[in-house]
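Colleague: Structure supplied as final04.pdb; contents: PDB, C-alpha atoms.
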ATOM      1  CA  MET A   1     -48.458-220.000-170.450
ATOM      2  CA  GLU A   2     -47.763-221.035-174.042
ATOM      3  CA  VAL A   3     -48.590-218.513-176.782
ATOM      4  CA  SER A   4     -50.395-219.993-179.801
ATOM      5  CA  PRO A   5     -48.871-219.509-183.259
ATOM      6  CA  LEU A   6     -52.045-217.633-184.333
ATOM      7  CA  ASN A   7     -51.823-215.100-181.518
ATOM      8  CA  HIS A   8     -48.114-214.622-182.137
ATOM      9  CA  LYS A   9     -48.693-213.982-185.861
ATOM     10  CA  THR A  10     -51.518-211.525-185.172
ATOM     11  CA  HIS A  11     -49.378-209.619-182.669
ATOM     12  CA  ASN A  12     -46.517-209.267-185.148
ATOM     13  CA  HIS A  13     -48.894-208.126-187.914
ATOM     14  CA  ALA A  14     -50.460-205.401-185.724
ATOM     15  CA  ARG A  15     -47.055-204.163-184.676
ATOM     16  CA  SER A  16     -45.805-203.894-188.252
ATOM     17  CA  ASN A  17     -48.909-201.892-189.284
ATOM     18  CA  SER A  18     -48.258-199.395-186.492
ATOM     19  CA  LEU A  19     -44.791-198.582-187.779
ATOM     20  CA  PRO A  20     -44.872-195.256-189.658
ATOM     21  CA  SER A  21     -43.332-194.793-193.074
ATOM     22  CA  LYS A  22     -40.278-192.590-193.437
ATOM     23  CA  PRO A  23     -41.169-188.862-193.297
ATOM     24  CA  HIS A  24     -40.813-186.911-196.529
ATOM     25  CA  PRO A  25     -37.665-184.695-196.606
ATOM     26  CA  VAL A  26     -39.850-181.567-196.836
ATOM     27  CA  ILE A  27     -41.569-182.556-193.582
ATOM     28  CA  LEU A  28     -38.167-182.975-191.958
ATOM     29  CA  GLN A  29     -37.139-179.521-193.210
ATOM     30  CA  CYS A  30     -40.281-177.981-191.721
ATOM     31  CA  ASN A  31     -39.563-179.637-188.399
ATOM     32  CA  GLU A  32     -36.025-178.245-188.462
ATOM     33  CA  HIS A  33     -37.331-174.720-189.044
ATOM     34  CA  LEU A  34     -39.866-175.158-186.235
ATOM     35  CA  ALA A  35     -37.100-176.290-183.898
ATOM     36  CA  ARG A  36     -35.105-173.135-184.678
ATOM     37  CA  LEU A  37     -38.135-171.037-183.809
ATOM     38  CA  GLY A  38     -38.462-172.616-180.379
ATOM     39  CA  GLY A  39     -39.209-170.132-177.615
ATOM     40  CA  ALA A  40     -41.135-167.841-179.963
ATOM     41  CA  SER A  41     -43.485-166.801-177.173
ATOM     42  CA  ASP A  42     -40.771-165.483-174.847
ATOM     43  CA  ALA A  43     -42.025-162.602-172.726
ATOM     44  CA  THR A  44     -38.978-160.458-173.471
ATOM     45  CA  SER A  45     -38.117-159.492-177.018
ATOM     46  CA  SER A  46     -35.930-157.059-178.878
ATOM     47  CA  SER A  47     -36.277-155.628-182.365
ATOM     48  CA  SER A  48     -33.253-157.618-183.555
ATOM     49  CA  LEU A  49     -34.663-160.856-182.116
ATOM     50  CA  LEU A  50     -38.070-160.230-183.698
ATOM     51  CA  SER A  51     -36.463-159.419-187.054
ATOM     52  CA  HIS A  52     -34.540-162.685-186.810
ATOM     53  CA  LYS A  53     -37.733-164.597-186.056
ATOM     54  CA  LEU A  54     -39.531-162.967-188.983
ATOM     55  CA  SER A  55     -36.689-164.067-191.242
ATOM     56  CA  ALA A  56     -36.914-167.591-189.830
ATOM     57  CA  LEU A  57     -40.690-167.545-190.385
ATOM     58  CA  GLN A  58     -40.123-166.680-194.031
ATOM     59  CA  ASP A  59     -37.887-169.746-194.394
ATOM     60  CA  LEU A  60     -40.464-171.889-192.605
ATOM     61  CA  HIS A  61     -43.361-170.777-194.801
ATOM     62  CA  ASN A  62     -41.254-171.151-197.906
ATOM     63  CA  THR A  63     -40.878-174.816-196.941
ATOM     64  CA  VAL A  64     -44.594-175.035-196.119
ATOM     65  CA  GLU A  65     -45.349-173.932-199.663
ATOM     66  CA  LYS A  66     -43.250-176.853-200.913
ATOM     67  CA  LEU A  67     -45.127-179.182-198.559
ATOM     68  CA  ILE A  68     -48.478-178.104-199.988
ATOM     69  CA  GLN A  69     -47.222-178.714-203.520
ATOM     70  CA  LEU A  70     -46.373-182.349-202.764
ATOM     71  CA  PRO A  71     -48.653-184.777-204.689
ATOM     72  CA  GLN A  72     -49.592-186.668-201.513
ATOM     73  CA  THR A  73     -50.554-183.442-199.735
ATOM     74  CA  GLN A  74     -52.667-182.269-202.663
ATOM     75  CA  GLU A  75     -54.299-185.691-202.959
ATOM     76  CA  ALA A  76     -55.205-185.656-199.265
ATOM     77  CA  LEU A  77     -56.692-182.155-199.559
ATOM     78  CA  VAL A  78     -58.778-183.098-202.597
ATOM     79  CA  GLN A  79     -60.010-186.412-201.198
ATOM     80  CA  GLU A  80     -60.785-185.011-197.750
ATOM     81  CA  HIS A  81     -62.072-181.571-198.782
ATOM     82  CA  GLN A  82     -65.281-182.159-196.787
ATOM     83  CA  GLU A  83     -63.351-182.957-193.606
ATOM     84  CA  GLN A  84     -63.215-180.493-190.721
ATOM     85  CA  TRP A  85     -59.429-180.332-190.758
ATOM     86  CA  VAL A  86     -59.452-178.903-194.283
ATOM     87  CA  ASP A  87     -61.740-176.079-193.150
ATOM     88  CA  GLU A  88     -59.471-175.562-190.157
ATOM     89  CA  LEU A  89     -56.444-175.137-192.421
ATOM     90  CA  LEU A  90     -58.277-172.582-194.569
ATOM     91  CA  ASP A  91     -59.500-170.679-191.512
ATOM     92  CA  GLY A  92     -55.986-170.747-190.094
ATOM     93  CA  SER A  93     -54.422-169.359-193.264
ATOM     94  CA  LEU A  94     -56.963-166.516-193.269
ATOM     95  CA  LYS A  95     -56.272-165.770-189.604
ATOM     96  CA  LEU A  96     -52.545-165.551-190.330
ATOM     97  CA  LEU A  97     -53.172-163.053-193.131
ATOM     98  CA  ASP A  98     -55.543-160.969-190.986
ATOM     99  CA  THR A  99     -53.099-160.850-188.081
ATOM    100  CA  CYS A 100     -50.178-160.020-190.346
ATOM    101  CA  THR A 101     -52.240-157.180-191.866
ATOM    102  CA  ALA A 102     -53.132-155.826-188.420
ATOM    103  CA  THR A 103     -49.451-155.873-187.452
ATOM    104  CA  LYS A 104     -48.418-154.106-190.666
ATOM    105  CA  ASP A 105     -51.098-151.456-190.106
ATOM    106  CA  ALA A 106     -49.870-150.789-186.559
ATOM    107  CA  LEU A 107     -46.329-150.298-187.842
ATOM    108  CA  LEU A 108     -47.445-148.068-190.716
ATOM    109  CA  HIS A 109     -49.532-145.828-188.471
ATOM    110  CA  THR A 110     -46.674-145.402-186.008
ATOM    111  CA  LYS A 111     -44.184-144.773-188.832
ATOM    112  CA  GLU A 112     -46.285-141.984-190.315
ATOM    113  CA  CYS A 113     -46.610-140.248-186.948
ATOM    114  CA  THR A 114     -42.895-140.705-186.293
ATOM    115  CA  ARG A 115     -41.972-139.073-189.589
ATOM    116  CA  GLU A 116     -44.296-136.138-188.947
ATOM    117  CA  LEU A 117     -42.772-135.568-185.531
ATOM    118  CA  GLN A 118     -39.266-135.803-186.958
ATOM    119  CA  SER A 119     -40.218-133.234-189.582
ATOM    120  CA  ILE A 120     -41.467-130.826-186.897
ATOM    121  CA  ILE A 121     -38.251-131.250-184.921
ATOM    122  CA  ARG A 122     -36.110-130.570-188.008
ATOM    123  CA  ARG A 123     -38.031-127.422-188.953
ATOM    124  CA  ARG A 124     -38.301-126.229-185.346
ATOM    125  CA  ARG A 125     -41.111-123.883-186.384
ATOM    126  CA  GLY A 126     -43.087-122.649-183.426
ATOM    127  CA  GLU A 127     -40.406-124.012-181.142
ATOM    128  CA  GLU A 128     -41.767-125.826-178.074
ATOM    129  CA  VAL A 129     -45.435-124.921-178.555
ATOM    130  CA  GLU A 130     -45.772-126.578-181.939
ATOM    131  CA  LEU A 131     -43.545-129.462-180.915
ATOM    132  CA  THR A 132     -45.575-130.086-177.769
ATOM    133  CA  LEU A 133     -48.780-130.160-179.807
ATOM    134  CA  GLU A 134     -47.244-132.662-182.225
ATOM    135  CA  VAL A 135     -46.003-134.782-179.311
ATOM    136  CA  LYS A 136     -49.526-134.927-177.889
ATOM    137  CA  LYS A 137     -50.838-135.830-181.328
ATOM    138  CA  PHE A 138     -48.306-138.657-181.519
ATOM    139  CA  LEU A 139     -49.310-139.950-178.088
ATOM    140  CA  SER A 140     -52.986-139.865-179.106
ATOM    141  CA  SER A 141     -52.194-141.827-182.249
ATOM    142  CA  ARG A 142     -50.356-144.399-180.167
ATOM    143  CA  LYS A 143     -53.554-144.898-178.148
ATOM    144  CA  VAL A 144     -55.366-145.645-181.408
ATOM    145  CA  VAL A 145     -52.651-148.121-182.373
ATOM    146  CA  ARG A 146     -52.819-149.841-178.994
ATOM    147  CA  LYS A 147     -56.590-150.112-179.213
ATOM    148  CA  ALA A 148     -56.290-151.828-182.596
ATOM    149  CA  ILE A 149     -53.550-154.101-181.241
ATOM    150  CA  PHE A 150     -55.613-155.083-178.202
ATOM    151  CA  LYS A 151     -58.467-156.006-180.550
ATOM    152  CA  ALA A 152     -56.109-158.112-182.686
ATOM    153  CA  LEU A 153     -54.770-159.833-179.564
ATOM    154  CA  GLU A 154     -58.312-160.583-178.380
ATOM    155  CA  ASN A 155     -59.046-162.158-181.755
ATOM    156  CA  LEU A 156     -55.908-164.248-181.395
ATOM    157  CA  LYS A 157     -57.013-165.392-177.963
ATOM    158  CA  GLY A 158     -60.355-166.503-179.362
ATOM    159  CA  HIS A 159     -58.730-168.312-182.279
ATOM    160  CA  ALA A 160     -56.278-170.110-179.978
ATOM    161  CA  ASN A 161     -59.174-172.051-178.468
ATOM    162  CA  ASN A 162     -59.948-173.482-181.924
ATOM    163  CA  CYS A 163     -56.352-174.142-182.887
ATOM    164  CA  ASN A 164     -55.976-177.623-181.387
ATOM    165  CA  LEU A 165     -57.333-179.833-184.154
ATOM    166  CA  PHE A 166     -54.767-182.534-184.862
ATOM    167  CA  ILE A 167     -55.811-185.556-186.944
ATOM    168  CA  THR A 168     -54.804-189.121-186.083
ATOM    169  CA  ASN A 169     -57.017-191.447-188.140
ATOM    170  CA  LYS A 170     -55.432-191.059-191.587
ATOM    171  CA  ASP A 171     -52.318-192.444-193.257
ATOM    172  CA  TYR A 172     -49.013-191.437-191.752
ATOM    173  CA  GLN A 173     -47.950-188.880-194.395
ATOM    174  CA  THR A 174     -51.332-187.114-194.227
ATOM    175  CA  VAL A 175     -51.255-187.041-190.445
ATOM    176  CA  ALA A 176     -47.698-185.718-190.411
ATOM    177  CA  SER A 177     -48.416-183.044-193.032
ATOM    178  CA  VAL A 178     -51.669-181.744-191.528
ATOM    179  CA  ASN A 179     -50.448-181.729-187.945
ATOM    180  CA  LEU A 180     -47.285-179.962-189.095
ATOM    181  CA  LEU A 181     -49.340-177.258-190.821
ATOM    182  CA  LYS A 182     -51.251-176.712-187.582
ATOM    183  CA  GLU A 183     -47.981-176.418-185.639
ATOM    184  CA  VAL A 184     -46.771-173.835-188.152
ATOM    185  CA  GLU A 185     -49.973-171.859-187.650
ATOM    186  CA  VAL A 186     -49.621-171.937-183.868
ATOM    187  CA  ILE A 187     -46.000-170.785-183.776
ATOM    188  CA  THR A 188     -46.610-168.089-186.420
ATOM    189  CA  LEU A 189     -49.499-166.637-184.423
ATOM    190  CA  SER A 190     -47.330-166.802-181.309
ATOM    191  CA  ILE A 191     -44.648-164.685-182.973
ATOM    192  CA  PHE A 192     -47.273-162.229-184.229
ATOM    193  CA  GLU A 193     -48.474-161.955-180.628
ATOM    194  CA  SER A 194     -44.944-161.138-179.435
ATOM    195  CA  LEU A 195     -44.579-158.572-182.215
ATOM    196  CA  LEU A 196     -47.918-156.900-181.442
ATOM    197  CA  ASN A 197     -47.006-156.637-177.772
ATOM    198  CA  PHE A 198     -43.648-155.176-178.751
ATOM    199  CA  ILE A 199     -45.290-152.521-180.954
ATOM    200  CA  CYS A 200     -47.535-151.619-178.021
ATOM    201  CA  GLY A 201     -44.373-150.366-176.363
ATOM    202  CA  SER A 202     -44.775-152.511-173.297
ATOM    203  CA  THR A 203     -46.415-155.749-172.198
ATOM    204  CA  GLN A 204     -47.120-154.100-168.865
ATOM    205  CA  SER A 205     -50.395-152.603-167.713
ATOM    206  CA  LYS A 206     -51.439-148.937-167.895
ATOM    207  CA  ARG A 207     -50.656-148.671-164.211
ATOM    208  CA  SER A 208     -47.066-149.687-164.841
ATOM    209  CA  THR A 209     -46.860-147.211-167.723
ATOM    210  CA  TRP A 210     -47.951-144.295-165.581
ATOM    211  CA  SER A 211     -45.599-145.462-162.872
ATOM    212  CA  LEU A 212     -42.813-145.109-165.416
ATOM    213  CA  VAL A 213     -43.988-141.584-166.299
ATOM    214  CA  SER A 214     -43.970-140.666-162.616
ATOM    215  CA  LYS A 215     -40.400-141.893-162.298
ATOM    216  CA  LEU A 216     -39.451-139.951-165.405
ATOM    217  CA  MET A 217     -40.618-136.752-163.786
ATOM    218  CA  HIS A 218     -38.180-137.361-160.934
ATOM    219  CA  SER A 219     -35.266-139.025-162.651
ATOM    220  CA  LYS A 220     -35.437-139.301-166.419
ATOM    221  CA  ARG A 221     -32.003-140.820-166.870
ATOM    222  CA  VAL A 222     -32.671-143.691-164.476
ATOM    223  CA  SER A 223     -36.239-144.324-165.644
ATOM    224  CA  TYR A 224     -35.262-144.721-169.255
ATOM    225  CA  SER A 225     -33.236-147.783-168.345
ATOM    226  CA  LEU A 226     -36.020-149.536-166.452
ATOM    227  CA  GLY A 227     -37.488-152.275-168.579
ATOM    228  CA  VAL A 228     -37.460-150.478-171.942
ATOM    229  CA  ASP A 229     -33.835-150.880-173.061
ATOM    230  CA  GLU A 230     -34.697-153.396-175.748
ATOM    231  CA  ASN A 231     -37.909-151.746-176.981
ATOM    232  CA  GLU A 232     -37.613-148.718-179.250
ATOM    233  CA  PHE A 233     -41.374-148.120-179.095
ATOM    234  CA  ALA A 234     -41.339-148.011-175.299
ATOM    235  CA  LYS A 235     -38.358-145.646-175.274
ATOM    236  CA  VAL A 236     -40.082-143.154-177.556
ATOM    237  CA  ASP A 237     -43.366-143.415-175.643
ATOM    238  CA  ALA A 238     -41.595-142.713-172.371
ATOM    239  CA  ALA A 239     -39.615-139.790-173.803
ATOM    240  CA  LEU A 240     -42.717-138.209-175.320
ATOM    241  CA  GLN A 241     -44.758-138.638-172.161
ATOM    242  CA  PHE A 242     -41.991-136.888-170.259
ATOM    243  CA  PHE A 243     -41.798-134.110-172.845
ATOM    244  CA  ALA A 244     -45.577-133.566-172.832
ATOM    245  CA  LEU A 245     -45.652-133.266-169.038
ATOM    246  CA  ASN A 246     -42.473-131.248-168.687
ATOM    247  CA  MET A 247     -42.947-127.952-170.511
ATOM    248  CA  ALA A 248     -39.477-126.709-169.563
ATOM    249  CA  SER A 249     -37.641-129.136-171.849
ATOM    250  CA  LYS A 250     -34.182-128.116-172.948
ATOM    251  CA  SER A 251     -32.465-128.553-176.275
ATOM    252  CA  ASN A 252     -30.585-131.657-175.097
ATOM    253  CA  ASP A 253     -33.962-133.293-174.354
ATOM    254  CA  ILE A 254     -35.006-132.629-177.947
ATOM    255  CA  ASP A 255     -31.710-134.053-179.204
ATOM    256  CA  ASP A 256     -32.306-137.165-177.118
ATOM    257  CA  LEU A 257     -35.833-137.425-178.514
ATOM    258  CA  ARG A 258     -34.531-137.033-182.062
ATOM    259  CA  ASN A 259     -32.104-139.915-181.559
ATOM    260  CA  LYS A 260     -34.803-142.178-180.127
ATOM    261  CA  LEU A 261     -37.134-141.384-183.024
ATOM    262  CA  ALA A 262     -34.375-142.212-185.501
ATOM    263  CA  ARG A 263     -33.778-145.591-183.851
ATOM    264  CA  LEU A 264     -37.523-146.244-183.815
ATOM    265  CA  GLY A 265     -37.744-145.428-187.515
ATOM    266  CA  SER A 266     -34.939-147.872-188.276
ATOM    267  CA  CYS A 267     -36.629-150.536-186.144
ATOM    268  CA  ILE A 268     -39.956-150.050-187.949
ATOM    269  CA  GLN A 269     -38.228-150.267-191.324
ATOM    270  CA  ASP A 270     -36.627-153.623-190.477
ATOM    271  CA  LEU A 271     -39.858-155.092-189.106
ATOM    272  CA  GLU A 272     -41.888-153.809-192.055
ATOM    273  CA  GLU A 273     -39.570-155.445-194.567
ATOM    274  CA  GLY A 274     -39.769-158.771-192.763
ATOM    275  CA  LEU A 275     -43.557-158.606-192.461
ATOM    276  CA  GLU A 276     -44.061-157.660-196.102
ATOM    277  CA  SER A 277     -41.970-160.595-197.293
ATOM    278  CA  LEU A 278     -43.800-162.949-194.932
ATOM    279  CA  PHE A 279     -47.171-161.562-196.030
ATOM    280  CA  ARG A 280     -46.435-162.401-199.659
ATOM    281  CA  ARG A 281     -45.573-165.976-198.693
ATOM    282  CA  LEU A 282     -48.786-166.313-196.662
ATOM    283  CA  ILE A 283     -50.816-165.147-199.665
ATOM    284  CA  LYS A 284     -49.105-167.665-201.945
ATOM    285  CA  ILE A 285     -49.821-170.494-199.500
ATOM    286  CA  ARG A 286     -53.500-169.571-199.203
ATOM    287  CA  VAL A 287     -53.856-169.255-202.979
ATOM    288  CA  SER A 288     -52.252-172.686-203.377
ATOM    289  CA  LEU A 289     -54.692-174.209-200.890
ATOM    290  CA  LEU A 290     -57.698-172.658-202.630
ATOM    291  CA  ASN A 291     -56.470-173.688-206.082
ATOM    292  CA  ILE A 292     -56.033-177.298-204.995
ATOM    293  CA  LEU A 293     -59.506-177.444-203.473
ATOM    294  CA  ASN A 294     -61.191-175.724-206.432
ATOM    295  CA  HIS A 295     -59.779-178.032-209.104
TER     296      HIS A 295
END
Could you spell out this file's structure in structure tokens?
Modeller:
Amino acid sequence: MEVSPLNHKTHNHARSNSLPSKPHPVILQCNEHLARLGGASDATSSSSLLSHKLSALQDLHNTVEKLIQLPQTQEALVQEHQEQWVDELLDGSLKLLDTCTATKDALLHTKECTRELQSIIRRRRGEEVELTLEVKKFLSSRKVVRKAIFKALENLKGHANNCNLFITNKDYQTVASVNLLKEVEVITLSIFESLLNFICGSTQSKRSTWSLVSKLMHSKRVSYSLGVDENEFAKVDAALQFFALNMASKSNDIDDLRNKLARLGSCIQDLEEGLESLFRRLIKIRVSLLNILNH
């Protein structure tokens, strides 16, 4: 069948319109950072891996700030400020700040309790009686932290259902920029989720936790190496649960506890520094978005 010149011309015209323009270099940089953060929702994590991901997130959001400052991005935000995707971006930036704050609070609460327990161990006043009371206080505070973390994780779960808005009916640069910002939001929340689970001390259920305590009562040395090697929070939780249930602790148990608390303190310090730096970047990005929309 012979194709008419008109049909052939129309076909070529439609195909040329579908070809996207070349992505802006900042968009390419963002995509590179996202690629490096692949696998952010891995079930297993370590403090060093999470610190690395927080550092990578800082680089990513630093590039996102540049993306928002691009004239074409600002023009799209101003022209489409009534569109749903603009509201979604603002809601997403607020959710990132809220989740980052919840994570920082969990770390701060645990750090304060850790320092108090370390102080008691150094002074050794009251010997085991006072130390046991402080251990139980620490364990109670960890329950408070976990409760707050579970609430934050539930909020994340609810937000995830509304985190799938990707636009397709705008010009290529707008589509690429907005969809990229949504991808950044998704992967950032995913890393926060991994970090919150890590601070919990374990991603396992309460039943698994008490199973670990039971094993500790029979063989502490073996139990410590079961599933908690890479989690300083889990190690301290397990050691303190053992100490609270075993009143006949010896000095070497206290030395072991002191070492685990020191490593936990160092871990918290590293994570706090990364979160604080990331938090400042998240604030700057949200302020930039609001300034663009309010002018």
Colleague: Spell out the residues picked by the PyMOL selection byres ((chain A and resi 133-139) around 9) here, as a ChimeraX atom specification.
Modeller: /A:110,113-114,116-117,120,128-132,140-144,237,240-241,243-244
Colleague: Mind checking which residues fall within 9 Å of A:Val178, counting all atoms listed in the file, ignoring those fewer than 4 positions away in the same chain, and posting them as a list in words?
Modeller: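 In the requested form, the answer reads Thr73, Trp85, Val86, Leu89, Phe166, Ile167, Gln173, Thr174, Lys182 and Glu183 of chain A.
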Colleague: Rounded to one decimal place, report the atom CA of A:Glu75-atom CA of A:His295 distance in Å.
Modeller: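 Taking atom CA of A:Glu75 as the start and atom CA of A:His295 as the end point, the length is 11.2 Å.
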Colleague: In terms of the shortest atom-to-atom distance over all atoms listed in the file, which of A:Lys260, A:His81, A:Lys53, A:Lys157 is closest to A:Gly274?
Modeller: A:Lys53
Colleague: Report, in Å with one decimal, the straight-line distance from atom CA of A:Gly265 to atom CA of A:Lys235.
Modeller: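 Those two atoms sit 12.3 Å apart.
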Colleague: On this file, the PyMOL selection byres ((chain A and resi 277) around 12) gives some set of residues; write that set as a list in words.
Modeller: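 Selection result, ordered by chain and number: Ser51, Leu54, Ser55, Ala56, Leu57, Gln58, Asp59, His61, Asn62, Cys100, Lys104, Asp270, Leu271, Glu272, Glu273, Gly274, Leu275, Glu276, Leu278, Phe279, Arg280, Arg281, Leu282, Ile283 and Lys284 of chain A.
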Colleague: Within 7 Å of stretch 148-152 of chain A, counting only C-alpha atoms, which residues qualify if same-chain residues fewer than 3 places away don't, as JSON, numbers by chain?
Modeller: {"A": [99, 102, 144, 145, 155, 156, 196]}
Colleague: Point out the residue among A:Ser119, A:Asn179, A:Leu289, A:Glu154 with the least atom-to-atom distance to A:Arg258, counting all atoms listed in the file.
Modeller: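 Ranked by minimum distance to A:Arg258, first place goes to A:Ser119.
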Colleague: Find the residue from A:Val236, A:Leu290, A:Ala35, A:Ile191 that sits nearest to A:Leu257; use all atoms listed in the file when measuring.
Modeller: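 Checking each candidate against A:Leu257, we get A:Val236 as the closest.
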Colleague: Quick one: pull the distance between atom CA of A:Lys95 and atom CA of A:Pro23, Å, one decimal.
Modeller: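 The value is 27.8 Å.
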Colleague: Excluding same-chain residues fewer than 4 positions from A:Glu193, what lies within 7 Å of it counting all atoms listed in the file, as a PDB file with C-alpha atoms, in the coordinates of the input?
Modeller:
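Everything below was put into out-v5.pdb:
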ATOM      1  CA  LEU A 153     -54.770-159.833-179.564  1.00  0.00           C
ATOM      2  CA  LEU A 189     -49.499-166.637-184.423  1.00  0.00           C
ATOM      3  CA  ASN A 197     -47.006-156.637-177.772  1.00  0.00           C
TER       4      ASN A 197
END
Colleague: Smallest atom-to-atom distance to A:Ala106: which of A:Phe198, A:Val175, A:Ser47, A:Leu77, using only C-alpha atoms?
Modeller: A:Phe198
Colleague: Compare A:Asp256, A:Pro25, A:Leu96, A:Arg115 by their minimum atom-to-atom distance to A:Phe242, counting all atoms listed in the file, and give me the closest one.
Modeller: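 Among the listed residues, the smallest separation from A:Phe242 belongs to A:Asp256.
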